[in-house]
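Shown next: coords_12.txt, containing compact mmCIF, C-alpha atoms.
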```txt
# COMPACT_ATOMS: atom_id res chain seq x y z
CA MET A 224 -4.76 10.20 23.39
CA SER A 225 -6.61 6.91 23.40
CA GLY A 226 -7.73 4.20 21.05
CA LYS A 227 -10.47 6.48 19.74
CA VAL A 228 -7.82 8.51 17.88
CA ASN A 229 -6.56 5.32 16.20
CA ILE A 230 -10.06 4.38 15.11
CA VAL A 231 -10.72 7.82 13.63
CA PHE A 232 -7.27 7.92 12.00
CA GLY A 233 -7.74 4.37 10.67
CA PHE A 234 -11.00 5.16 8.91
CA PHE A 235 -9.65 8.36 7.35
CA TYR A 236 -6.38 6.67 6.33
CA LEU A 237 -8.37 3.80 4.80
CA ALA A 238 -10.43 6.31 2.82
CA ILE A 239 -7.25 8.01 1.56
CA THR A 240 -5.59 4.74 0.54
CA ALA A 241 -8.80 3.53 -1.08
CA PHE A 242 -8.99 6.79 -3.04
CA LEU A 243 -5.37 6.60 -4.20
CA GLY A 244 -5.72 3.03 -5.49
CA PRO A 245 -7.78 3.62 -8.64
CA PHE A 246 -6.15 6.94 -9.51
CA TYR A 247 -2.48 6.11 -9.09
CA LEU A 248 -2.06 2.36 -8.99
CA VAL A 249 -4.31 0.78 -11.59
CA PRO A 250 -2.32 -0.09 -14.69
CA ALA A 251 -3.90 0.35 -18.13
CA LYS A 252 -5.08 3.88 -17.37
CA GLY A 253 -3.99 6.98 -19.27
CA ALA A 254 -0.41 6.80 -20.54
CA ASP A 255 -0.03 3.19 -19.36
CA TYR A 256 -3.01 2.19 -21.47
CA GLN A 257 -1.45 3.85 -24.53
CA LYS A 258 1.80 1.90 -23.93
CA PHE A 259 -0.25 -1.28 -23.68
CA VAL A 260 -1.98 -0.54 -27.01
CA GLU A 261 1.37 0.18 -28.69
CA MET A 262 2.83 -3.04 -27.31
CA ASN A 263 -0.11 -5.04 -28.62
CA LYS A 264 0.22 -3.46 -32.08
CA ALA A 265 3.93 -4.32 -32.19
CA VAL A 266 3.29 -7.89 -31.09
CA GLU A 267 0.50 -8.27 -33.67
CA ALA A 268 2.86 -6.97 -36.37
CA ILE A 269 5.42 -9.62 -35.41
CA LYS A 270 2.73 -12.33 -35.48
CA GLN A 271 1.68 -11.19 -38.94
CA ASP A 272 5.31 -11.21 -40.12
CA VAL A 273 5.72 -14.72 -38.75
CA SER A 274 2.61 -15.92 -40.57
CA LEU A 275 3.83 -14.32 -43.82
CA GLY A 276 7.37 -15.63 -43.43
CA LYS A 277 8.87 -12.16 -42.81
CA ALA A 278 9.78 -12.72 -39.17
CA LYS A 279 13.33 -11.46 -39.61
CA ASP A 280 12.41 -7.77 -39.87
CA PRO A 281 14.53 -6.20 -37.10
CA ALA A 282 12.50 -2.98 -36.99
CA ASN A 283 9.32 -4.85 -36.03
CA VAL A 284 11.14 -6.97 -33.45
CA GLU A 285 12.79 -3.87 -31.93
CA ALA A 286 9.49 -1.97 -31.88
CA ALA A 287 7.78 -4.86 -30.11
CA LEU A 288 10.55 -5.22 -27.57
CA SER A 289 10.62 -1.48 -26.95
CA GLY A 290 6.86 -1.44 -26.38
CA ILE A 291 7.02 -4.43 -24.07
CA THR A 292 9.93 -2.97 -22.10
CA GLY A 293 8.23 0.40 -21.74
CA TYR A 294 4.98 -1.16 -20.62
CA LEU A 295 6.67 -3.48 -18.15
CA SER A 296 8.67 -0.63 -16.61
CA SER A 297 5.48 1.37 -16.13
CA ILE A 298 3.80 -1.66 -14.55
CA LYS A 299 6.81 -2.14 -12.26
CA LYS A 300 6.58 1.45 -11.09
CA THR A 301 2.85 1.73 -10.54
CA GLY A 302 1.50 -1.79 -10.88
CA SER A 303 2.95 -4.53 -8.72
CA VAL A 304 5.02 -2.28 -6.47
CA GLY A 305 2.21 0.25 -6.26
CA SER A 306 -0.29 -2.45 -5.37
CA ALA A 307 1.97 -3.66 -2.55
CA VAL A 308 2.12 -0.10 -1.20
CA HIS A 309 -1.65 0.18 -1.58
CA ALA A 310 -2.18 -3.09 0.29
CA HIS A 311 0.13 -2.00 3.10
CA GLY A 312 -1.75 1.29 3.42
CA ASN A 313 -5.09 -0.48 3.62
CA LEU A 314 -3.82 -3.03 6.13
CA GLU A 315 -2.18 -0.42 8.33
CA ALA A 316 -5.40 1.59 8.33
CA LEU A 317 -7.32 -1.50 9.46
CA LEU A 318 -4.57 -2.27 12.00
CA ASN A 319 -5.14 1.17 13.54
CA ILE A 320 -8.88 0.54 13.79
CA VAL A 321 -8.34 -2.82 15.50
CA ALA A 322 -5.55 -1.45 17.71
CA GLY A 323 -7.86 1.40 18.72
CA LEU A 324 -10.56 -1.04 19.78
CA VAL A 325 -8.03 -3.07 21.78
CA ILE A 326 -6.56 0.05 23.41
CA LEU A 327 -10.05 1.11 24.49
CA SER A 328 -10.60 -2.29 26.13
CA LEU A 329 -7.37 -2.24 28.16
CA ALA A 330 -7.34 -1.48 31.87
CA LEU A 331 -3.94 0.21 31.86
CA PRO A 332 -2.56 3.65 32.68
CA SER A 333 -3.39 6.29 30.10
CA SER A 334 0.32 6.91 29.44
CA TYR A 335 0.75 3.30 28.26
CA LYS A 336 -2.34 3.63 26.06
CA THR A 337 -0.95 6.86 24.61
CA VAL A 338 2.35 5.18 23.73
CA LEU A 339 0.49 2.36 21.96
CA SER A 340 -1.74 4.79 20.12
CA VAL A 341 1.17 6.92 18.91
CA LEU A 342 3.21 3.89 17.82
CA PHE A 343 0.45 2.60 15.54
CA ILE A 344 -0.27 5.98 13.96
CA VAL A 345 3.42 6.80 13.47
CA GLY A 346 3.87 3.29 12.10
CA ALA A 347 1.23 3.75 9.42
CA VAL A 348 2.31 7.25 8.43
CA PHE A 349 6.00 6.43 8.30
CA HIS A 350 5.68 2.99 6.72
CA SER A 351 3.00 2.94 4.04
CA GLY A 352 2.77 6.74 3.98
CA MET A 353 6.44 7.13 3.09
CA LEU A 354 6.18 4.24 0.61
CA TYR A 355 3.30 6.07 -1.11
CA LEU A 356 5.45 9.19 -1.36
CA ALA A 357 8.41 7.19 -2.70
CA MET A 358 6.76 4.75 -5.10
CA VAL A 359 3.65 6.53 -6.25
CA PHE A 360 4.67 10.17 -6.12
CA GLY A 361 8.39 9.71 -6.91
CA ILE A 362 9.84 11.29 -3.74
CA SER A 363 12.57 8.70 -3.35
CA VAL A 364 14.08 10.06 -0.13
CA ALA A 365 10.81 9.28 1.68
CA GLY A 366 11.36 5.56 1.11
CA LYS A 367 14.37 5.68 3.41
CA LEU A 368 12.14 6.85 6.26
CA SER A 369 9.79 3.87 5.98
CA ILE A 370 11.99 1.86 8.37
CA ILE A 371 10.82 4.18 11.17
CA GLY A 372 7.25 3.09 10.52
CA ALA A 373 8.12 -0.60 10.34
CA ILE A 374 9.92 -0.39 13.69
CA ALA A 375 7.04 1.57 15.24
CA ILE A 376 4.47 -0.98 14.08
CA LEU A 377 6.49 -3.95 15.32
CA THR A 378 7.12 -2.23 18.66
CA GLY A 379 3.42 -1.41 18.92
CA LEU A 380 2.45 -5.01 18.22
CA VAL A 381 4.81 -6.36 20.89
CA LEU A 382 3.70 -3.79 23.48
CA ALA A 383 0.03 -4.41 22.61
CA GLY A 384 0.61 -8.13 23.16
CA VAL A 385 2.15 -7.46 26.58
CA ALA A 386 -0.64 -5.02 27.42
CA SER A 387 -3.30 -7.50 26.34
CA ALA A 388 -1.79 -10.24 28.47
CA THR A 389 -2.01 -8.09 31.57
CA GLY A 390 -4.59 -5.39 30.99
CA ILE A 391 -7.68 -6.75 29.27
CA LYS A 392 -10.68 -5.80 31.38
CA LYS A 393 -12.28 -8.79 33.02
CA THR A 394 -16.03 -9.04 32.63
CA GLU A 395 -18.23 -11.21 34.74
CA CYS A 396 -20.31 -13.78 32.98
CA ARG A 397 -23.90 -13.62 34.21
CA GLU A 398 -26.41 -16.24 33.36
```

Write the structure described by the file as structure tokens, please.
Amino acid sequence: MSGKVNIVFGFFYLAITAFLGPFYLVPAKGADYQKFVEMNKAVEAIKQDVSLGKAKDPANVEAALSGITGYLSSIKKTGSVGSAVHAHGNLEALLNIVAGLVILSLALPSSYKTVLSVLFIVGAVFHSGMLYLAMVFGISVAGKLSIIGAIAILTGLVLAGVASATGIKKTECRE
């Protein structure tokens, strides 16, 4: 296993995370859009009541608050949290591509390169991959496994730094 595997994995993982973004993470689509429309109608009704001096109608206030609460909870689930997961997936895909290029340039034993390669792939799958399963697809137990990925990525970064300090191939500069 070498850096080539990380590059291939990185491009495919980036394609997957890019695909999931619009379908699962963009608020104001499908049911979320309907909640947004309902919230706007409730807020407009309150504005109209205020302008007509009927602002004390509890049914309108409760309907508006219910719409706002429902919309905000859907945004919390798929919007801001989902976008953070999406960003992590994209960044970890790009990290694998860059790590793969670095691994290919190192003059180190293949076993060391294999360890680096595995750490970055496991890191992406177990960090952002498990967060996707937890936050986007609702498999909450997967979120507990994301720490494995975070540790793998941090370990990979430290070992890649050590490897880069000692194993970057020297090239002669010819003029």

Which one of A:Gly390, A:Gly312, A:Gly372, A:Pro245 sits closest to A:Val341 if you count only C-alpha atoms?
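For A:Val341, the nearest of the given residues is A:Gly372.
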
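Nearest to A:Pro332 of all the residues A:Val266, A:Ser225, A:Val359, A:Leu243 is A:Ser225, based on only C-alpha atoms.
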
Measure the distance from atom CA of A:Ser340 to atom CA of A:Ser363 in Å and round it to one decimal.
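Result for atom CA of A:Ser340 versus atom CA of A:Ser363: 27.8 Å, one decimal.
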
Spatial neighbours of A:Val348, 9 Å, only C-alpha atoms, chain gap at least 5 places, as a PDB file with C-alpha atoms, in the frame of the given file:
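Below is the file that was written, part_23.pdb:
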```pdb
ATOM      1  CA  TYR A 236      -6.380   6.670   6.330  1.00  0.00           C
ATOM      2  CA  GLY A 312      -1.750   1.290   3.420  1.00  0.00           C
ATOM      3  CA  GLU A 315      -2.180  -0.420   8.330  1.00  0.00           C
ATOM      4  CA  PHE A 343       0.450   2.600  15.540  1.00  0.00           C
ATOM      5  CA  MET A 353       6.440   7.130   3.090  1.00  0.00           C
ATOM      6  CA  SER A 369       9.790   3.870   5.980  1.00  0.00           C
ATOM      7  CA  GLY A 372       7.250   3.090  10.520  1.00  0.00           C
TER       8      GLY A 372
END
```

In Å to one decimal, how far is atom CA of A:Ser387 from atom CA of A:Val325?
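Computing it gives 7.9 Å between the two atoms.
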
Which residues are close to A:Val345, i.e. within 12 Å by all atoms listed in the file, leaving aside same-chain residues fewer than 3 positions away? Reply as JSON, numbers by chain.
{"A": [229, 232, 233, 315, 316, 319, 337, 338, 339, 340, 341, 342, 348, 349, 350, 351, 352, 353, 368, 369, 370, 371, 372, 373, 374, 375, 376, 377, 378, 379]}

d(atom CA of A:Ala388, atom CA of A:Ile320) in Å
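Computed distance, atom CA of A:Ala388 to atom CA of A:Ile320, equals 19.5 Å.
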